[in-house]
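Below is the file model.json, which contains JSON, C-alpha atoms.
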[["chain", "number", "residue", "atom", "x", "y", "z"],
["A", 1, "MET", "CA", 120.61, 164.54, 75.18],
["A", 2, "PRO", "CA", 120.89, 162.82, 71.79],
["A", 3, "ASP", "CA", 121.32, 159.47, 73.58],
["A", 4, "GLU", "CA", 117.93, 159.87, 75.23],
["A", 5, "ASP", "CA", 116.21, 160.65, 71.93],
["A", 6, "ARG", "CA", 117.87, 157.79, 70.12],
["A", 7, "GLU", "CA", 117.19, 155.38, 72.96],
["A", 8, "GLY", "CA", 113.49, 156.21, 72.97],
["A", 9, "ARG", "CA", 113.11, 155.85, 69.19],
["A", 10, "ASP", "CA", 115.16, 152.68, 68.75],
["A", 11, "GLN", "CA", 113.36, 150.59, 71.34],
["A", 12, "ARG", "CA", 110.10, 148.83, 70.69],
["A", 13, "PRO", "CA", 107.54, 148.92, 73.54],
["A", 14, "ASP", "CA", 108.17, 145.27, 74.50],
["A", 15, "GLU", "CA", 111.92, 145.77, 74.61],
["A", 16, "ALA", "CA", 111.59, 148.93, 76.66],
["A", 17, "GLU", "CA", 109.31, 147.12, 79.10],
["A", 18, "ALA", "CA", 111.72, 144.18, 79.41],
["A", 19, "ARG", "CA", 114.65, 146.55, 79.93],
["A", 20, "ALA", "CA", 112.74, 148.48, 82.62],
["A", 21, "GLU", "CA", 111.86, 145.25, 84.44],
["A", 22, "ALA", "CA", 115.48, 144.08, 84.33],
["A", 23, "GLU", "CA", 116.72, 147.40, 85.69],
["A", 24, "ALA", "CA", 114.16, 147.31, 88.50],
["A", 25, "GLU", "CA", 115.22, 143.77, 89.45],
["A", 26, "ALA", "CA", 118.88, 144.79, 89.42],
["A", 27, "ARG", "CA", 118.13, 147.75, 91.69],
["A", 28, "GLU", "CA", 116.22, 145.50, 94.11],
["A", 29, "ALA", "CA", 119.08, 143.00, 94.17],
["A", 30, "ASP", "CA", 121.60, 145.78, 94.87],
["A", 31, "GLU", "CA", 119.47, 147.12, 97.71],
["A", 32, "ALA", "CA", 119.06, 143.65, 99.21],
["A", 33, "TRP", "CA", 122.81, 143.07, 98.98],
["A", 34, "ALA", "CA", 123.57, 146.39, 100.66],
["A", 35, "GLU", "CA", 121.23, 145.60, 103.57],
["A", 36, "THR", "CA", 122.92, 142.31, 104.51],
["A", 37, "PRO", "CA", 126.13, 142.58, 106.52],
["A", 38, "ALA", "CA", 129.11, 140.76, 105.04],
["A", 39, "ASP", "CA", 129.89, 138.78, 108.19],
["A", 40, "ALA", "CA", 126.33, 137.52, 108.78],
["A", 41, "GLN", "CA", 125.94, 133.78, 108.35],
["A", 42, "GLU", "CA", 122.79, 132.95, 106.44],
["A", 43, "SER", "CA", 121.00, 129.71, 106.91],
["A", 44, "GLU", "CA", 120.92, 127.01, 104.27],
["A", 45, "THR", "CA", 117.15, 127.33, 103.94],
["A", 46, "GLU", "CA", 117.41, 131.07, 103.27],
["A", 47, "ARG", "CA", 120.06, 130.49, 100.62],
["A", 48, "ARG", "CA", 117.90, 127.84, 98.96],
["A", 49, "ARG", "CA", 114.87, 130.14, 99.08],
["A", 50, "ARG", "CA", 116.80, 132.95, 97.38],
["A", 51, "ARG", "CA", 118.18, 130.52, 94.79],
["A", 52, "ALA", "CA", 114.69, 129.22, 94.01],
["A", 53, "GLN", "CA", 113.44, 132.80, 93.64],
["A", 54, "PHE", "CA", 116.34, 133.60, 91.30],
["A", 55, "LEU", "CA", 115.65, 130.53, 89.15],
["A", 56, "ARG", "CA", 111.95, 131.45, 88.93],
["A", 57, "GLU", "CA", 112.84, 134.97, 87.78],
["A", 58, "LEU", "CA", 115.38, 133.60, 85.31],
["A", 59, "ASN", "CA", 112.78, 131.31, 83.74],
["A", 60, "GLU", "CA", 110.35, 134.24, 83.61],
["A", 61, "ALA", "CA", 112.95, 136.38, 81.83],
["A", 62, "LYS", "CA", 113.67, 133.60, 79.32],
["A", 63, "ALA", "CA", 109.96, 133.25, 78.59],
["A", 64, "LEU", "CA", 109.69, 137.01, 78.08],
["A", 65, "ARG", "CA", 112.69, 136.96, 75.73],
["A", 66, "GLU", "CA", 111.06, 134.11, 73.79],
["A", 67, "ARG", "CA", 107.91, 136.19, 73.30],
["A", 68, "VAL", "CA", 109.67, 139.46, 72.51],
["A", 69, "LYS", "CA", 112.43, 138.14, 70.23],
["A", 70, "PRO", "CA", 111.44, 134.68, 69.00],
["A", 71, "ARG", "CA", 114.01, 134.54, 66.20],
["A", 72, "GLN", "CA", 116.94, 135.42, 68.44],
["A", 73, "ALA", "CA", 115.71, 133.04, 71.14],
["A", 74, "ARG", "CA", 115.47, 130.20, 68.64],
["A", 75, "ALA", "CA", 118.98, 130.92, 67.37],
["A", 76, "ALA", "CA", 120.28, 130.91, 70.95],
["A", 77, "ARG", "CA", 118.61, 127.54, 71.57],
["A", 78, "MET", "CA", 120.20, 126.12, 68.43],
["A", 79, "ARG", "CA", 123.66, 127.38, 69.48],
["A", 80, "GLN", "CA", 123.20, 125.82, 72.92],
["A", 81, "GLN", "CA", 122.19, 122.50, 71.35],
["A", 82, "MET", "CA", 125.29, 122.57, 69.14],
["A", 83, "ARG", "CA", 127.49, 123.27, 72.16],
["A", 84, "MET", "CA", 125.95, 120.35, 74.01],
["A", 85, "ARG", "CA", 126.36, 118.00, 71.02],
["A", 86, "THR", "CA", 130.05, 118.80, 70.67],
["A", 87, "PHE", "CA", 130.81, 118.78, 74.41],
["A", 88, "ARG", "CA", 133.09, 115.96, 75.55],
["A", 89, "TRP", "CA", 132.87, 114.60, 79.10]]

Rewrite the coordinates I just gave you, this time as structure tokens.
Amino acid sequence: MPDEDREGRDQRPDEAEARAEAEAEAREADEAWAETPADAQESETERRRRRAQFLRELNEAKALRERVKPRQARAARMRQQMRMRTFRW
């Protein structure tokens, strides 16, 4: 029980909301995965549609992270830029 109390006190409302949304999306993805048989061949258009949906949700999550934790998001952007500057082809 102490984990529940600590969890509720430590989280800010925006973080709790973001965490709840992420958990809901994960549950939906697990349910969708369980419904599809392993041997079923999916069409290329269906795969592209799911990929586009995933990328939209990913961009949405990044935007939410930017609003909720701007300092950490900025630091992550800076780290990514440094990785790209030092990357050799």

For a test of reading the model, state the distance in Å between atom CA of A:Glu17 and atom CA of A:Ala75, rounded to one decimal.
22.2 Å

With 5 Å of padding per side, what axis-aligned box (centre and edge lengths, Å, one decimal) covers all the listed atoms of stretch 53-68 of chain A? Give it as lines of an AutoDock Vina configuration file.
center_x = 112.1
center_y = 135.0
center_z = 83.1
size_x = 18.4
size_y = 18.9
size_z = 31.1

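The two atoms in question, atom CA of A:Arg51 and atom CA of A:Arg71, are spaced 29.2 Å apart.
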
Straight-line distance linking atom CA of A:Glu44 with atom CA of A:Lys62, stated in Å to one decimal:
26.8 Å

Could you rebuild stretch 67-85 of chain A with N, CA, C and O atoms and give it back as a short mmCIF file (atom, residue, chain, number, x, y, z; two decimals), in the coordinates of the input?
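Done, and the output landed in result_6.cif:
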data_model
loop_
_atom_site.label_atom_id
_atom_site.label_comp_id
_atom_site.auth_asym_id
_atom_site.auth_seq_id
_atom_site.Cartn_x
_atom_site.Cartn_y
_atom_site.Cartn_z
N ARG A 67 109.07 135.50 73.89
CA ARG A 67 107.91 136.19 73.30
C ARG A 67 108.33 137.44 72.54
O ARG A 67 107.78 137.75 71.49
N VAL A 68 109.28 138.18 73.10
CA VAL A 68 109.67 139.46 72.51
C VAL A 68 110.54 139.28 71.27
O VAL A 68 110.36 139.96 70.27
N LYS A 69 111.50 138.35 71.35
CA LYS A 69 112.43 138.14 70.23
C LYS A 69 112.50 136.65 69.89
O LYS A 69 113.48 135.98 70.20
N PRO A 70 111.46 136.12 69.25
CA PRO A 70 111.44 134.68 69.00
C PRO A 70 112.57 134.20 68.10
O PRO A 70 113.11 133.12 68.30
N ARG A 71 112.95 134.99 67.12
CA ARG A 71 114.01 134.54 66.20
C ARG A 71 115.36 134.44 66.92
O ARG A 71 116.07 133.45 66.78
N GLN A 72 115.68 135.45 67.72
CA GLN A 72 116.94 135.42 68.44
C GLN A 72 116.94 134.31 69.49
O GLN A 72 117.96 133.65 69.72
N ALA A 73 115.79 134.10 70.14
CA ALA A 73 115.71 133.04 71.14
C ALA A 73 115.89 131.67 70.51
O ALA A 73 116.57 130.80 71.06
N ARG A 74 115.32 131.48 69.34
CA ARG A 74 115.47 130.20 68.64
C ARG A 74 116.92 129.99 68.24
O ARG A 74 117.47 128.89 68.40
N ALA A 75 117.57 131.03 67.75
CA ALA A 75 118.98 130.92 67.37
C ALA A 75 119.84 130.59 68.60
O ALA A 75 120.76 129.77 68.51
N ALA A 76 119.53 131.19 69.73
CA ALA A 76 120.28 130.91 70.95
C ALA A 76 120.09 129.45 71.38
O ALA A 76 121.05 128.79 71.81
N ARG A 77 118.86 128.95 71.25
CA ARG A 77 118.61 127.54 71.57
C ARG A 77 119.41 126.62 70.67
O ARG A 77 119.98 125.61 71.12
N MET A 78 119.45 126.95 69.38
CA MET A 78 120.20 126.12 68.43
C MET A 78 121.70 126.13 68.76
O MET A 78 122.37 125.10 68.70
N ARG A 79 122.25 127.31 69.10
CA ARG A 79 123.66 127.38 69.48
C ARG A 79 123.94 126.54 70.72
O ARG A 79 124.94 125.83 70.79
N GLN A 80 123.04 126.61 71.70
CA GLN A 80 123.20 125.82 72.92
C GLN A 80 123.17 124.33 72.61
O GLN A 80 123.96 123.56 73.13
N GLN A 81 122.26 123.92 71.73
CA GLN A 81 122.19 122.50 71.35
C GLN A 81 123.49 122.06 70.67
O GLN A 81 123.98 120.96 70.91
N MET A 82 124.03 122.91 69.80
CA MET A 82 125.29 122.57 69.14
C MET A 82 126.43 122.45 70.16
O MET A 82 127.27 121.55 70.07
N ARG A 83 126.46 123.36 71.13
CA ARG A 83 127.49 123.27 72.16
C ARG A 83 127.37 121.97 72.93
O ARG A 83 128.37 121.31 73.23
N MET A 84 126.14 121.58 73.25
CA MET A 84 125.95 120.35 74.01
C MET A 84 126.30 119.12 73.17
O MET A 84 126.81 118.13 73.70
N ARG A 85 126.02 119.14 71.88
CA ARG A 85 126.36 118.00 71.02
C ARG A 85 127.87 117.81 70.90
O ARG A 85 128.33 116.69 70.80
#
